[in-house]
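Structure below is structure12.txt: compact mmCIF, C-alpha atoms and all ligand atoms.
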# COMPACT_ATOMS: atom_id res chain seq x y z
CA MET A 1 83.94 18.77 -40.32
CA ASP A 2 80.98 21.10 -40.83
CA LEU A 3 79.27 23.57 -38.52
CA GLN A 4 75.64 24.32 -39.44
CA LEU A 5 72.40 25.60 -37.97
CA ALA A 6 70.20 22.91 -36.43
CA SER A 7 66.89 22.25 -38.12
CA PHE A 8 63.82 20.33 -36.98
CA LYS A 9 64.89 17.32 -39.04
CA ASP A 10 68.09 17.09 -36.95
CA LEU A 11 66.21 16.68 -33.69
CA ASP A 12 65.85 12.87 -33.73
CA ARG A 13 69.64 12.45 -33.93
CA ILE A 14 70.25 15.25 -31.41
CA ASN A 15 67.79 13.66 -29.01
CA GLU A 16 69.51 10.28 -29.44
CA ILE A 17 72.93 11.79 -28.57
CA GLU A 18 71.41 13.70 -25.66
CA ARG A 19 69.90 10.59 -24.07
CA TYR A 20 73.08 8.59 -24.57
CA THR A 21 75.46 11.32 -23.37
CA ASN A 22 73.81 13.54 -20.76
CA GLU A 23 73.02 12.39 -17.26
CA ASN A 24 70.18 14.91 -17.09
CA PRO A 25 69.01 15.04 -20.68
CA TRP A 26 66.77 17.60 -22.33
CA SER A 27 63.61 16.03 -23.72
CA PHE A 28 62.77 16.03 -27.42
CA LYS A 29 60.19 18.71 -26.59
CA ASN A 30 62.86 20.91 -24.96
CA PHE A 31 64.80 20.92 -28.24
CA GLU A 32 61.68 21.48 -30.30
CA SER A 33 60.58 24.38 -28.09
CA SER A 34 64.04 25.90 -28.25
CA LEU A 35 63.91 26.00 -32.06
CA HIS A 36 60.29 27.22 -32.04
CA ALA A 37 61.31 30.01 -29.65
CA GLY A 38 63.80 31.18 -32.27
CA ASN A 39 66.88 30.34 -30.20
CA SER A 40 70.17 29.95 -32.03
CA SER A 41 71.72 26.56 -32.61
CA ILE A 42 74.76 24.89 -34.06
CA VAL A 43 75.35 21.29 -35.11
CA LEU A 44 78.78 19.86 -35.76
CA LYS A 45 78.84 17.15 -38.44
CA ILE A 46 81.55 14.73 -39.42
CA GLU A 47 80.98 13.00 -42.75
CA ASN A 48 77.43 14.29 -42.66
CA GLU A 49 76.66 12.82 -39.25
CA ILE A 50 75.86 15.02 -36.26
CA ILE A 51 78.22 14.40 -33.35
CA GLY A 52 77.66 17.56 -31.28
CA TYR A 53 75.46 20.59 -30.91
CA ALA A 54 74.75 23.76 -28.96
CA PHE A 55 71.62 25.80 -28.29
CA PHE A 56 71.87 29.39 -27.13
CA SER A 57 69.73 32.49 -26.97
CA VAL A 58 70.79 36.06 -27.59
CA ALA A 59 68.77 38.94 -26.19
CA ALA A 60 70.19 42.44 -26.52
CA THR A 61 73.83 42.22 -25.39
CA ASP A 62 73.50 38.94 -23.46
CA SER A 63 74.02 35.48 -24.89
CA HIS A 64 72.88 32.53 -22.80
CA LEU A 65 74.33 29.10 -23.51
CA LEU A 66 71.49 26.64 -22.92
CA ASN A 67 72.98 23.30 -23.97
CA ILE A 68 76.28 22.12 -25.41
CA THR A 69 76.97 18.44 -25.93
CA VAL A 70 79.46 16.29 -27.79
CA SER A 71 78.51 12.63 -28.27
CA LYS A 72 80.15 10.45 -25.63
CA ASP A 73 82.19 8.57 -28.27
CA HIS A 74 83.68 11.77 -29.71
CA GLN A 75 84.59 13.69 -26.58
CA ARG A 76 88.04 15.05 -25.82
CA ASN A 77 88.89 15.60 -29.48
CA GLY A 78 88.46 19.37 -29.53
CA TYR A 79 84.94 19.31 -31.00
CA GLY A 80 83.34 20.97 -27.95
CA LYS A 81 85.84 23.80 -28.31
CA LYS A 82 84.99 24.19 -32.01
CA ILE A 83 81.28 24.39 -31.18
CA LEU A 84 81.85 26.88 -28.37
CA GLU A 85 84.03 29.07 -30.63
CA GLN A 86 81.13 29.17 -33.06
CA VAL A 87 78.70 30.04 -30.25
CA VAL A 88 80.92 32.99 -29.33
CA PHE A 89 81.26 34.07 -32.96
CA GLN A 90 77.51 33.86 -33.66
CA SER A 91 76.70 35.59 -30.38
CA LYS A 92 78.92 38.52 -31.34
CA VAL A 93 77.36 38.71 -34.79
CA LEU A 94 73.96 38.90 -33.08
CA GLY A 95 75.15 41.75 -30.85
CA ALA A 96 76.13 40.01 -27.62
CA THR A 97 79.00 41.25 -25.50
CA VAL A 98 78.79 38.60 -22.75
CA ILE A 99 78.05 34.85 -22.73
CA PHE A 100 76.37 33.42 -19.62
CA LEU A 101 75.75 29.82 -18.62
CA GLU A 102 74.74 27.62 -15.71
CA VAL A 103 76.30 24.25 -14.96
CA ARG A 104 75.66 21.65 -12.26
CA VAL A 105 78.24 22.03 -9.50
CA SER A 106 78.93 18.27 -9.81
CA ASN A 107 79.75 18.49 -13.55
CA ASP A 108 83.51 18.77 -13.16
CA LYS A 109 84.35 17.98 -16.74
CA ALA A 110 82.04 20.69 -18.11
CA ILE A 111 83.38 23.21 -15.55
CA ASN A 112 86.95 22.33 -16.62
CA PHE A 113 85.90 22.65 -20.24
CA TYR A 114 84.40 26.12 -19.69
CA GLU A 115 87.37 27.31 -17.61
CA SER A 116 89.80 26.08 -20.26
CA PHE A 117 87.85 28.30 -22.66
CA GLY A 118 88.13 31.37 -20.42
CA PHE A 119 84.79 31.33 -18.59
CA LYS A 120 84.93 32.74 -15.05
CA ARG A 121 82.99 31.54 -12.01
CA ASP A 122 80.50 34.27 -11.03
CA ALA A 123 78.12 32.86 -8.40
CA ILE A 124 76.26 29.83 -7.07
CA ARG A 125 72.50 29.60 -7.51
CA TYR A 126 71.34 27.31 -4.72
CA ASN A 127 68.92 24.44 -5.47
CA TYR A 128 68.60 25.58 -9.06
CA TYR A 129 68.17 22.13 -10.60
CA GLU A 130 65.14 19.98 -9.85
CA GLY A 131 65.59 16.44 -8.55
CA ASP A 132 65.91 14.64 -5.28
CA PRO A 133 68.04 16.14 -3.90
CA ARG A 134 68.01 19.39 -5.85
CA GLU A 135 71.39 20.59 -7.09
CA ASP A 136 73.14 23.95 -7.08
CA ALA A 137 74.14 25.71 -10.28
CA LEU A 138 77.45 27.41 -10.88
CA LEU A 139 76.94 30.58 -12.92
CA MET A 140 79.77 31.39 -15.30
CA SER A 141 80.39 34.09 -17.89
CA LYS A 142 82.84 35.21 -20.51
CA GLN A 143 83.16 38.45 -22.46
CA ALA A 144 82.38 37.83 -26.14
CA LEU A 145 85.61 39.38 -27.40
C1 LIG B 1 81.54 19.40 -21.87
C2 LIG B 1 81.71 18.81 -23.27
C3 LIG B 1 80.75 19.53 -24.24
C4 LIG B 1 83.17 19.02 -23.74
O1 LIG B 1 83.28 18.61 -25.09
P1 LIG B 1 84.64 17.94 -25.65
O2 LIG B 1 84.51 17.87 -27.13
O3 LIG B 1 84.90 16.67 -24.95
O4 LIG B 1 85.72 19.03 -25.21
P2 LIG B 1 87.10 19.39 -25.95
O5 LIG B 1 87.72 18.13 -26.47
O6 LIG B 1 86.88 20.50 -26.92
O7 LIG B 1 87.95 19.90 -24.70
C5 LIG B 1 88.54 21.19 -24.60
C6 LIG B 1 89.19 21.31 -23.25
O8 LIG B 1 88.19 21.24 -22.21
C7 LIG B 1 88.73 20.54 -21.06
N1 LIG B 1 88.02 19.26 -20.89
C8 LIG B 1 87.17 18.66 -21.76
N2 LIG B 1 86.72 17.48 -21.28
C9 LIG B 1 87.32 17.33 -20.06
C10 LIG B 1 87.26 16.28 -19.09
N3 LIG B 1 86.53 15.18 -19.26
N4 LIG B 1 88.02 16.43 -17.97
C11 LIG B 1 88.78 17.54 -17.77
N5 LIG B 1 88.86 18.56 -18.69
C12 LIG B 1 88.13 18.45 -19.80
C13 LIG B 1 90.20 20.28 -21.37
O9 LIG B 1 90.93 21.42 -20.96
C14 LIG B 1 90.16 20.20 -22.89
O10 LIG B 1 91.41 20.46 -23.52
P3 LIG B 1 92.49 19.26 -23.66
O11 LIG B 1 91.73 18.05 -24.21
O12 LIG B 1 93.49 19.82 -24.63
O13 LIG B 1 93.02 19.00 -22.28
C15 LIG B 1 81.44 17.28 -23.26
O14 LIG B 1 82.20 16.68 -22.24
C16 LIG B 1 79.98 16.90 -23.07
O15 LIG B 1 79.21 16.86 -24.03
N6 LIG B 1 79.59 16.57 -21.81
C17 LIG B 1 78.23 16.12 -21.53
C18 LIG B 1 77.25 17.25 -21.67
C19 LIG B 1 77.54 18.38 -20.70
O16 LIG B 1 77.85 18.17 -19.53
N7 LIG B 1 77.41 19.61 -21.21
C20 LIG B 1 77.57 20.82 -20.41
C21 LIG B 1 76.37 21.02 -19.58
S1 LIG B 1 76.32 22.63 -18.86

Would you write the structure of this file as structure tokens?
Amino acid sequence: MDLQLASFKDLDRINEIERYTNENPWSFKNFESSLHAGNSSIVLKIENEIIGYAFFSVAATDSHLLNITVSKDHQRNGYGKKILEQVVFQSKVLGATVIFLEVRVSNDKAINFYESFGFKRDAIRYNYYEGDPREDALLMSKQAL
């Protein structure tokens, strides 16, 4: 198992996993823009194949987790935790003291995942996600200790 930075050449595979795994996927352009914007990223590879990734942005002492996904076929094997540990580590190296994220209120498994990792529920942002109907976001955070 290897944890590496994502590069532009990884985006086809990342986009494939995203479309297969996420109910509300990022577009290829979202990933491309995230890298162009200089956001941080991590890919987790097994035998040289990407099976999960995270994108996050660190500004001053805040780290914002933008996307974390483990391919549907590899979930519940501890890989998400490995990626999130690396997000926390990298965030600290870059100067962050807190990690923030938003998650759809309906995404129970992600909320469980974040809580199991020590994230706390901070607030609800009403109608945050576009769609018909729109959906509320749960805001969560964790000290980067
Ligand atoms: C959320 C996600 C990244 C978790 O990745 P994962 O590799 O399956 O998670 P892990 O195996 O590291 O799980 C760690 C812990 O999180 C919790 N957890 C993970 N998946 C869970 C599920 N489906 N139901 C309940 N708890 C879950 C458990 O406490 C688990 O520990 P355990 O397996 O020892 O009980 C993955 O489910 C995913 O990619 N989901 C789709 C994308 C998504 O919703 N991303 C978050 C958007 S904000």

Per residue of range 51-75 of chain A within 9 Å of range 17-39 of chain A, which atom pair is closest and at what distance in Å (one decimal), using all atoms listed in the file, listed by chain and increasing number, as a tab-separated table?
residue	atom	partner	partner_atom	distance
A:Ile51	CA	A:Ile17	CA	7.6
A:Gly52	CA	A:Ile17	CA	7.9
A:Phe55	CA	A:Asn39	CA	6.8
A:Phe56	CA	A:Asn39	CA	5.9
A:Ser57	CA	A:Asn39	CA	4.8
A:Val58	CA	A:Asn39	CA	7.4
A:Asn67	CA	A:Trp26	CA	8.6
A:Thr69	CA	A:Glu18	CA	7.3
A:Val70	CA	A:Thr21	CA	7.8
A:Ser71	CA	A:Ile17	CA	5.7
A:Lys72	CA	A:Thr21	CA	5.3
A:Asp73	CA	A:Thr21	CA	8.8

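Computed from the coordinates, the CA of Leu66 in chain A to atom C11 of ligand LIG 1 (chain B) distance equals 20.2 Å.
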
Tell me, in Å to one decimal, how far CA of Ser141 in chain A is from CA of Tyr128 in chain A.
17.0 Å

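If you measure from each of A:Glu47, A:Asp132, A:Asp62, A:Glu16 to Leu3 in chain A using all atoms listed in the file, the closest one turns out to be A:Glu47.
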
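If you count all atoms listed in the file and ignore residues fewer than 4 places along the chain from Lys120 in chain A, what sits within 7 Å of it is A:Glu115, A:Met140, A:Ser141, A:Lys142.
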
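CA of Phe119 in chain A lies 13.3 Å from atom O7 of ligand LIG 1 (chain B).
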
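Each of A:Thr97, A:Asn77, A:Ser106, A:Ser63 was checked against ligand LIG 1 (chain B) using all atoms listed in the file; the smallest atom-to-atom distance is that of A:Asn77.
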
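When all atoms listed in the file are used to compute distances to Ile83 in chain A, the closest of the residues A:Gln4, A:Ser116, A:Asn127, A:Asn15 turns out to be A:Gln4.
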
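Each of A:Ala6, A:Ile124, A:Val43, A:Leu94 was compared to Ala60 in chain A using all atoms listed in the file, and A:Leu94 turns out to be the nearest.
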
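Nearest residue to Phe100 in chain A among A:Thr61, A:Ser41, A:Asn112, A:Gln86 is A:Thr61, counting only C-alpha atoms.
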
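With all atoms listed in the file as the atoms that count, the minimum distance from Val103 in chain A to the choices A:Lys45, A:Lys9, A:Lys81, A:His64 is reached by A:His64.
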
Kindly list the centre and edge lengths in Å, rounded to one decimal, for the axis-aligned box that covers all listed atoms of range 106-110 of chain A plus 4 Å on each of its six sides, as lines of an AutoDock Vina configuration file.
center_x = 81.6
center_y = 19.3
center_z = -14.0
size_x = 13.4
size_y = 10.7
size_z = 16.3
